[in-house]
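S.K.: Below you'll find coords28.txt; it's compact mmCIF, C-alpha atoms.
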# COMPACT_ATOMS: atom_id res chain seq x y z
CA ALA A 166 63.98 10.45 -53.95
CA GLN A 167 66.21 13.34 -53.10
CA LYS A 168 65.94 16.54 -55.02
CA ILE A 169 67.72 19.86 -54.70
CA THR A 170 66.59 22.95 -56.57
CA GLN A 171 68.50 26.17 -57.06
CA THR A 172 66.29 28.54 -59.05
CA GLN A 173 68.81 31.32 -59.64
CA PRO A 174 71.17 30.46 -62.52
CA GLY A 175 73.00 33.74 -62.04
CA MET A 176 73.12 36.64 -59.61
CA PHE A 177 74.85 40.00 -59.74
CA VAL A 178 75.54 41.90 -56.53
CA GLN A 179 77.44 45.05 -55.63
CA GLU A 180 80.50 44.63 -53.47
CA LYS A 181 79.84 44.92 -49.73
CA GLU A 182 76.15 44.08 -50.11
CA ALA A 183 74.63 40.97 -48.58
CA VAL A 184 73.42 38.25 -50.92
CA THR A 185 71.05 35.34 -50.49
CA LEU A 186 71.34 32.25 -52.67
CA ASP A 187 68.20 30.14 -52.73
CA CYS A 188 68.00 26.40 -52.25
CA THR A 189 64.97 24.18 -51.75
CA TYR A 190 65.04 20.46 -51.19
CA ASP A 191 62.74 17.49 -51.11
CA THR A 192 63.21 14.38 -49.03
CA SER A 193 61.15 11.89 -47.05
CA ASP A 194 64.05 11.09 -44.74
CA PRO A 195 63.60 12.82 -41.36
CA SER A 196 67.36 12.94 -40.85
CA TYR A 197 69.51 14.66 -43.45
CA GLY A 198 72.32 17.13 -43.91
CA LEU A 199 72.45 20.22 -46.07
CA PHE A 200 75.66 21.64 -47.47
CA TRP A 201 76.90 24.57 -49.48
CA TYR A 202 79.98 24.44 -51.67
CA LYS A 203 81.80 27.17 -53.57
CA GLN A 204 83.47 26.53 -56.91
CA PRO A 205 85.65 29.43 -58.06
CA SER A 206 86.88 29.72 -61.63
CA SER A 207 89.96 27.70 -60.67
CA GLY A 208 87.64 24.70 -60.37
CA GLU A 209 88.06 23.31 -56.87
CA MET A 210 85.06 22.52 -54.69
CA ILE A 211 85.28 24.32 -51.36
CA PHE A 212 83.05 23.30 -48.46
CA LEU A 213 81.42 26.36 -46.88
CA ILE A 214 78.77 25.39 -44.38
CA TYR A 215 76.70 22.48 -43.04
CA GLN A 216 73.26 22.25 -41.45
CA GLY A 217 71.85 19.11 -39.89
CA SER A 218 68.10 18.56 -40.08
CA TYR A 219 67.83 18.32 -36.29
CA ASP A 220 69.99 21.35 -35.58
CA GLN A 221 67.98 23.91 -33.66
CA GLN A 222 70.00 26.91 -34.72
CA ASN A 223 70.98 28.13 -38.14
CA ALA A 224 74.58 27.34 -39.02
CA THR A 225 77.06 30.18 -39.33
CA GLU A 226 80.68 30.24 -40.52
CA GLY A 227 82.24 33.68 -40.64
CA ARG A 228 80.44 35.68 -43.34
CA TYR A 229 78.35 32.67 -44.32
CA SER A 230 75.09 31.72 -42.68
CA LEU A 231 72.48 29.20 -43.63
CA ASN A 232 68.86 30.28 -43.36
CA PHE A 233 67.26 26.92 -42.59
CA GLN A 234 63.47 26.83 -42.79
CA LYS A 235 62.55 23.20 -42.26
CA ALA A 236 58.81 23.52 -42.84
CA ARG A 237 59.45 25.24 -46.16
CA LYS A 238 62.26 22.82 -46.99
CA SER A 239 64.59 25.64 -47.79
CA ALA A 240 68.26 26.13 -46.96
CA ASN A 241 69.32 29.48 -48.33
CA LEU A 242 72.92 30.65 -48.10
CA VAL A 243 73.46 34.20 -46.92
CA ILE A 244 76.79 35.89 -47.58
CA SER A 245 77.25 39.11 -45.67
CA ALA A 246 79.45 42.01 -46.83
CA SER A 247 80.23 40.42 -50.17
CA GLN A 248 83.74 40.63 -51.59
CA LEU A 249 85.09 40.38 -55.13
CA GLY A 250 86.57 37.01 -54.22
CA ASP A 251 83.07 35.66 -53.57
CA SER A 252 82.45 35.55 -57.32
CA ALA A 253 82.03 31.85 -58.08
CA MET A 254 79.54 29.04 -58.64
CA TYR A 255 77.70 28.01 -55.50
CA PHE A 256 76.18 24.58 -55.05
CA CYS A 257 73.63 23.44 -52.54
CA ALA A 258 73.71 19.73 -51.70
CA MET A 259 71.90 17.25 -49.47
CA ARG A 260 72.75 13.94 -47.95
CA GLU A 261 70.16 11.64 -46.42
CA SER A 262 71.07 9.58 -43.38
CA GLN A 263 69.42 6.41 -44.65
CA GLY A 264 70.99 4.44 -47.41
CA ALA A 265 74.11 5.53 -49.21
CA GLN A 266 75.94 8.66 -48.14
CA LYS A 267 76.00 10.33 -51.52
CA LEU A 268 75.62 14.06 -51.96
CA VAL A 269 72.90 15.18 -54.34
CA PHE A 270 73.63 18.58 -55.81
CA GLY A 271 71.54 21.41 -57.14
CA GLN A 272 72.19 23.00 -60.50
CA GLY A 273 74.31 25.76 -59.02
CA THR A 274 74.12 29.56 -58.96
CA ARG A 275 76.79 31.70 -60.56
CA LEU A 276 77.41 34.69 -58.32
CA THR A 277 79.17 37.75 -59.68
CA ILE A 278 80.26 40.52 -57.34
CA ASN A 279 80.60 43.90 -59.03
CA PRO A 280 83.05 46.52 -57.73
CA ASP B 1309 99.16 19.84 -46.40
CA THR B 1310 96.92 18.58 -49.17
CA ALA B 1311 93.85 16.86 -47.74
CA VAL B 1312 92.47 15.19 -50.88
CA SER B 1313 94.77 15.01 -53.88
CA GLN B 1314 94.18 13.78 -57.42
CA THR B 1315 96.52 13.09 -60.29
CA PRO B 1316 96.64 14.11 -63.00
CA LYS B 1317 94.96 17.50 -62.99
CA TYR B 1318 94.54 17.44 -66.76
CA LEU B 1319 94.20 14.43 -69.01
CA VAL B 1320 93.89 14.66 -72.79
CA THR B 1321 93.56 11.41 -74.68
CA GLN B 1322 92.20 9.78 -77.79
CA MET B 1323 88.94 7.91 -78.05
CA GLY B 1324 89.33 4.23 -77.32
CA ASN B 1325 92.26 4.62 -74.92
CA ASP B 1326 92.33 3.41 -71.33
CA LYS B 1327 93.26 5.85 -68.57
CA SER B 1328 93.42 6.05 -64.79
CA ILE B 1329 92.94 8.84 -62.27
CA LYS B 1330 94.43 8.48 -58.82
CA CYS B 1331 93.08 9.86 -55.58
CA GLU B 1332 94.55 9.95 -52.10
CA GLN B 1333 93.28 11.46 -48.86
CA ASN B 1334 95.28 12.07 -45.69
CA LEU B 1335 92.31 12.99 -43.51
CA GLY B 1336 91.84 9.52 -42.05
CA HIS B 1337 88.35 9.33 -43.52
CA ASP B 1338 86.52 6.06 -43.94
CA THR B 1339 84.58 6.84 -47.10
CA MET B 1340 85.73 8.02 -50.51
CA TYR B 1341 83.75 9.03 -53.58
CA TRP B 1342 84.00 9.78 -57.27
CA TYR B 1343 81.80 12.49 -58.78
CA LYS B 1344 81.47 13.61 -62.39
CA GLN B 1345 80.86 17.24 -63.33
CA ASP B 1346 79.57 17.69 -66.85
CA SER B 1347 79.92 20.65 -69.18
CA LYS B 1348 76.87 22.30 -67.62
CA LYS B 1349 78.53 22.12 -64.20
CA PHE B 1350 76.12 19.46 -62.94
CA LEU B 1351 77.70 17.19 -60.32
CA LYS B 1352 76.66 13.57 -59.95
CA ILE B 1353 77.88 10.73 -57.78
CA MET B 1354 79.52 7.81 -59.56
CA PHE B 1355 80.96 5.56 -56.87
CA SER B 1356 81.56 5.39 -53.16
CA TYR B 1357 83.80 3.15 -51.11
CA ASN B 1358 83.72 2.67 -47.37
CA ASN B 1359 86.78 0.99 -45.88
CA LYS B 1360 87.69 -0.45 -49.29
CA GLU B 1361 84.19 -1.81 -49.93
CA LEU B 1362 82.01 -0.53 -52.76
CA ILE B 1363 78.78 0.96 -51.37
CA ILE B 1364 77.54 3.10 -54.24
CA ASN B 1365 77.61 2.28 -57.94
CA GLU B 1366 75.35 4.80 -59.55
CA THR B 1367 74.44 3.33 -62.97
CA VAL B 1368 77.85 4.05 -64.38
CA PRO B 1369 78.94 2.15 -67.52
CA ASN B 1370 81.11 -0.81 -66.66
CA ARG B 1371 83.94 0.81 -68.61
CA PHE B 1372 84.48 2.71 -65.36
CA SER B 1373 86.07 0.65 -62.61
CA PRO B 1374 87.02 2.06 -59.24
CA LYS B 1375 89.70 0.41 -57.18
CA SER B 1376 90.51 1.00 -53.54
CA PRO B 1377 93.79 -0.59 -52.45
CA ASP B 1378 93.37 0.87 -48.95
CA LYS B 1379 91.01 3.31 -47.30
CA ALA B 1380 93.23 6.29 -48.13
CA HIS B 1381 93.20 5.65 -51.87
CA LEU B 1382 90.47 5.38 -54.49
CA ASN B 1383 91.50 5.19 -58.10
CA LEU B 1384 89.30 5.37 -61.17
CA HIS B 1385 90.14 3.38 -64.28
CA ILE B 1386 88.30 4.07 -67.51
CA ASN B 1387 88.42 1.67 -70.46
CA SER B 1388 87.67 2.44 -74.08
CA LEU B 1389 87.22 6.16 -73.56
CA GLU B 1390 84.38 7.86 -75.41
CA LEU B 1391 83.80 11.49 -76.34
CA GLY B 1392 81.00 11.69 -73.78
CA ASP B 1393 83.43 10.85 -70.99
CA SER B 1394 84.91 14.33 -71.29
CA ALA B 1395 84.21 16.00 -67.95
CA VAL B 1396 85.78 17.01 -64.67
CA TYR B 1397 86.11 14.11 -62.24
CA PHE B 1398 86.24 14.86 -58.54
CA CYS B 1399 87.37 12.60 -55.77
CA ALA B 1400 86.02 13.31 -52.28
CA SER B 1401 86.21 11.83 -48.82
CA SER B 1402 84.27 12.01 -45.58
CA GLN B 1403 84.00 10.54 -42.16
CA ASP B 1404 80.86 8.65 -41.35
CA ARG B 1405 77.81 10.86 -41.26
CA PRO B 1406 77.14 13.61 -40.40
CA GLY B 1407 79.59 16.09 -41.80
CA PRO B 1408 80.88 17.36 -45.09
CA GLN B 1409 82.66 15.68 -47.92
CA TYR B 1410 86.00 17.21 -48.84
CA PHE B 1411 86.84 17.34 -52.50
CA GLY B 1412 90.05 16.98 -54.42
CA PRO B 1413 91.07 19.59 -57.00
CA GLY B 1414 89.44 17.68 -59.86
CA THR B 1415 90.78 16.05 -63.01
CA ARG B 1416 89.72 17.58 -66.32
CA LEU B 1417 89.45 14.74 -68.82
CA THR B 1418 89.25 15.60 -72.51
CA VAL B 1419 88.63 12.82 -75.00
CA LEU B 1420 89.44 13.70 -78.59
Take the structure in this file and express it as structure tokens.
M.R.:
Amino acid sequence: AQKITQTQPGMFVQEKEAVTLDCTYDTSDPSYGLFWYKQPSSGEMIFLIYQGSYDQQNATEGRYSLNFQKARKSANLVISASQLGDSAMYFCAMRESQGAQKLVFGQGTRLTINP
Amino acid sequence: DTAVSQTPKYLVTQMGNDKSIKCEQNLGHDTMYWYKQDSKKFLKIMFSYNNKELIINETVPNRFSPKSPDKAHLNLHINSLELGDSAVYFCASSQDRPGPQYFGPGTRLTVL
């Protein structure tokens, strides 16, 4: 069964610092995708970044990068040069290639950027 | 251009009523989903449709019935609403794997 774990319920970071949000996963499927979503206080779910299990390089999207360590089954999100607008809930999610294409989400991390 | 849209954004209703939430996507995706986010922010899949066919039904009470008139629309009808149905309901869509799912803005349902 799929499982996603985010162990940091909340994080506080100074503006302009880098921040790492932790995510570990568990799956027996050799082919899977890992995703990060941002949910600001307005409530929408915003897709940030995707990493495929067979991708050789870590995914990057602007200030977001995904630190993918396959052997450790971790997929941490790194946000560089944090901004006040980065304050939000962040969700890690996984989708296996076999079976249904549902996303399984972690519990989320609430990130607060302090000025 | 709204990619995935849901109506209404807010829904307040009495226990026992029947209500519907509509979802439309203009991304040309083949698969659409309904997720429920509870008061603790936990997100869980409810249903998924691929080209109008149900492919996921995740142990949801049969008071919840999804309907997909075409692959761009997936509506959620809820009968006999209960207090525990209060949550935010998200519609999402995706192309066939791999790749992300794109979410609608959510519908906050409050059952009084």
S.K.: Using all atoms listed in the file, find all polymer residues with an atom at most 12 Å away from the point (67.9, 26.9, -44.5); report them as a PyMOL selection string.
M.R.: chain A and resi 185-190+198-201+214-225+229-243+257-259
S.K.: May I have the residues of chain B within 12 Å of chain A, counting all atoms listed in the file, written as a PDB file with C-alpha atoms, keeping the file's coordinate frame?
M.R.:
ATOM      1  CA  ALA B1311      93.850  16.860 -47.740  1.00  0.00           C
ATOM      2  CA  VAL B1312      92.470  15.190 -50.880  1.00  0.00           C
ATOM      3  CA  SER B1313      94.770  15.010 -53.880  1.00  0.00           C
ATOM      4  CA  GLN B1314      94.180  13.780 -57.420  1.00  0.00           C
ATOM      5  CA  LYS B1317      94.960  17.500 -62.990  1.00  0.00           C
ATOM      6  CA  TYR B1318      94.540  17.440 -66.760  1.00  0.00           C
ATOM      7  CA  ASP B1338      86.520   6.060 -43.940  1.00  0.00           C
ATOM      8  CA  THR B1339      84.580   6.840 -47.100  1.00  0.00           C
ATOM      9  CA  MET B1340      85.730   8.020 -50.510  1.00  0.00           C
ATOM     10  CA  TYR B1341      83.750   9.030 -53.580  1.00  0.00           C
ATOM     11  CA  TRP B1342      84.000   9.780 -57.270  1.00  0.00           C
ATOM     12  CA  TYR B1343      81.800  12.490 -58.780  1.00  0.00           C
ATOM     13  CA  LYS B1344      81.470  13.610 -62.390  1.00  0.00           C
ATOM     14  CA  GLN B1345      80.860  17.240 -63.330  1.00  0.00           C
ATOM     15  CA  ASP B1346      79.570  17.690 -66.850  1.00  0.00           C
ATOM     16  CA  SER B1347      79.920  20.650 -69.180  1.00  0.00           C
ATOM     17  CA  LYS B1348      76.870  22.300 -67.620  1.00  0.00           C
ATOM     18  CA  LYS B1349      78.530  22.120 -64.200  1.00  0.00           C
ATOM     19  CA  PHE B1350      76.120  19.460 -62.940  1.00  0.00           C
ATOM     20  CA  LEU B1351      77.700  17.190 -60.320  1.00  0.00           C
ATOM     21  CA  LYS B1352      76.660  13.570 -59.950  1.00  0.00           C
ATOM     22  CA  ILE B1353      77.880  10.730 -57.780  1.00  0.00           C
ATOM     23  CA  MET B1354      79.520   7.810 -59.560  1.00  0.00           C
ATOM     24  CA  PHE B1355      80.960   5.560 -56.870  1.00  0.00           C
ATOM     25  CA  SER B1356      81.560   5.390 -53.160  1.00  0.00           C
ATOM     26  CA  TYR B1357      83.800   3.150 -51.110  1.00  0.00           C
ATOM     27  CA  ASN B1358      83.720   2.670 -47.370  1.00  0.00           C
ATOM     28  CA  LEU B1362      82.010  -0.530 -52.760  1.00  0.00           C
ATOM     29  CA  ILE B1363      78.780   0.960 -51.370  1.00  0.00           C
ATOM     30  CA  ILE B1364      77.540   3.100 -54.240  1.00  0.00           C
ATOM     31  CA  ASN B1365      77.610   2.280 -57.940  1.00  0.00           C
ATOM     32  CA  GLU B1366      75.350   4.800 -59.550  1.00  0.00           C
ATOM     33  CA  VAL B1396      85.780  17.010 -64.670  1.00  0.00           C
ATOM     34  CA  TYR B1397      86.110  14.110 -62.240  1.00  0.00           C
ATOM     35  CA  PHE B1398      86.240  14.860 -58.540  1.00  0.00           C
ATOM     36  CA  CYS B1399      87.370  12.600 -55.770  1.00  0.00           C
ATOM     37  CA  ALA B1400      86.020  13.310 -52.280  1.00  0.00           C
ATOM     38  CA  SER B1401      86.210  11.830 -48.820  1.00  0.00           C
ATOM     39  CA  SER B1402      84.270  12.010 -45.580  1.00  0.00           C
ATOM     40  CA  GLN B1403      84.000  10.540 -42.160  1.00  0.00           C
ATOM     41  CA  ASP B1404      80.860   8.650 -41.350  1.00  0.00           C
ATOM     42  CA  ARG B1405      77.810  10.860 -41.260  1.00  0.00           C
ATOM     43  CA  PRO B1406      77.140  13.610 -40.400  1.00  0.00           C
ATOM     44  CA  GLY B1407      79.590  16.090 -41.800  1.00  0.00           C
ATOM     45  CA  PRO B1408      80.880  17.360 -45.090  1.00  0.00           C
ATOM     46  CA  GLN B1409      82.660  15.680 -47.920  1.00  0.00           C
ATOM     47  CA  TYR B1410      86.000  17.210 -48.840  1.00  0.00           C
ATOM     48  CA  PHE B1411      86.840  17.340 -52.500  1.00  0.00           C
ATOM     49  CA  GLY B1412      90.050  16.980 -54.420  1.00  0.00           C
ATOM     50  CA  PRO B1413      91.070  19.590 -57.000  1.00  0.00           C
ATOM     51  CA  GLY B1414      89.440  17.680 -59.860  1.00  0.00           C
ATOM     52  CA  THR B1415      90.780  16.050 -63.010  1.00  0.00           C
ATOM     53  CA  ARG B1416      89.720  17.580 -66.320  1.00  0.00           C
TER      54      ARG B1416
END
S.K.: Hey, can I get the axis-aligned box for region 1312-1321 of chain B? All listed atoms, 6 Å padding on each side, centre and edge lengths in Å to one decimal, as lines of an AutoDock Vina configuration file.
M.R.:
center_x = 94.6
center_y = 14.5
center_z = -62.8
size_x = 16.2
size_y = 18.1
size_z = 35.8
S.K.: Tell me which of A:Pro195, A:Ala246, A:Pro205, A:Tyr255 sits closest to Gln171 (chain A), counting only C-alpha atoms.
M.R.: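 That would be A:Tyr255, the residue with the smallest distance to Gln171 (chain A).
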S.K.: Excluding Asn1325 (chain B) and any residue of its chain fewer than 5 positions from it, enumerate the residues within 10 Å of it, using only C-alpha atoms, and give them as an mmCIF file with C-alpha atoms, keeping the file's coordinate frame.
M.R.:
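Final output, result.cif:
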data_model
loop_
_atom_site.group_PDB
_atom_site.id
_atom_site.type_symbol
_atom_site.label_atom_id
_atom_site.label_comp_id
_atom_site.auth_asym_id
_atom_site.auth_seq_id
_atom_site.Cartn_x
_atom_site.Cartn_y
_atom_site.Cartn_z
ATOM 1 C CA ILE B 1386 88.300 4.070 -67.510
ATOM 2 C CA ASN B 1387 88.420 1.670 -70.460
ATOM 3 C CA SER B 1388 87.670 2.440 -74.080
ATOM 4 C CA LEU B 1389 87.220 6.160 -73.560
ATOM 5 C CA GLU B 1390 84.380 7.860 -75.410
ATOM 6 C CA VAL B 1419 88.630 12.820 -75.000
#
S.K.: How many Å separate CA of His1337 (chain B) from CA of Pro1369 (chain B)?
M.R.: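 So the answer is 26.8 Å.
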S.K.: What does the structure give for the distance between CA of Thr170 (chain A) and CA of Asp194 (chain A), in Å to one decimal?
M.R.: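 So the two atoms, CA of Thr170 (chain A) and CA of Asp194 (chain A), lie 16.9 Å apart.
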S.K.: Rounded to one decimal place, report the CA of Leu1417 (chain B)-CA of Ser1328 (chain B) distance in Å.
M.R.: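 Taking CA of Leu1417 (chain B) and CA of Ser1328 (chain B), their separation equals 10.4 Å.
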S.K.: So which residues touch Leu276 (chain A) within 7 Å, counting all atoms listed in the file, skipping near sequence neighbours fewer than 5 positions away, as number ranges by chain?
M.R.: A: 175-177, 252-254
S.K.: Can you pull out the residues contacting Ile1329 (chain B)? Cut-off 8 Å, using all atoms listed in the file, and skip same-chain residues under 3 positions away; I want them as number ranges by chain.
M.R.: B: 1314-1316, 1383-1385, 1415
S.K.: From the list B:Met1323, B:Leu1335, B:Ala1395, B:Leu1420, which residue is nearest Lys1379 (chain B) when using all atoms listed in the file?
M.R.: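 Of B:Met1323, B:Leu1335, B:Ala1395, B:Leu1420, the one nearest Lys1379 (chain B) is B:Leu1335, counting all atoms listed in the file.
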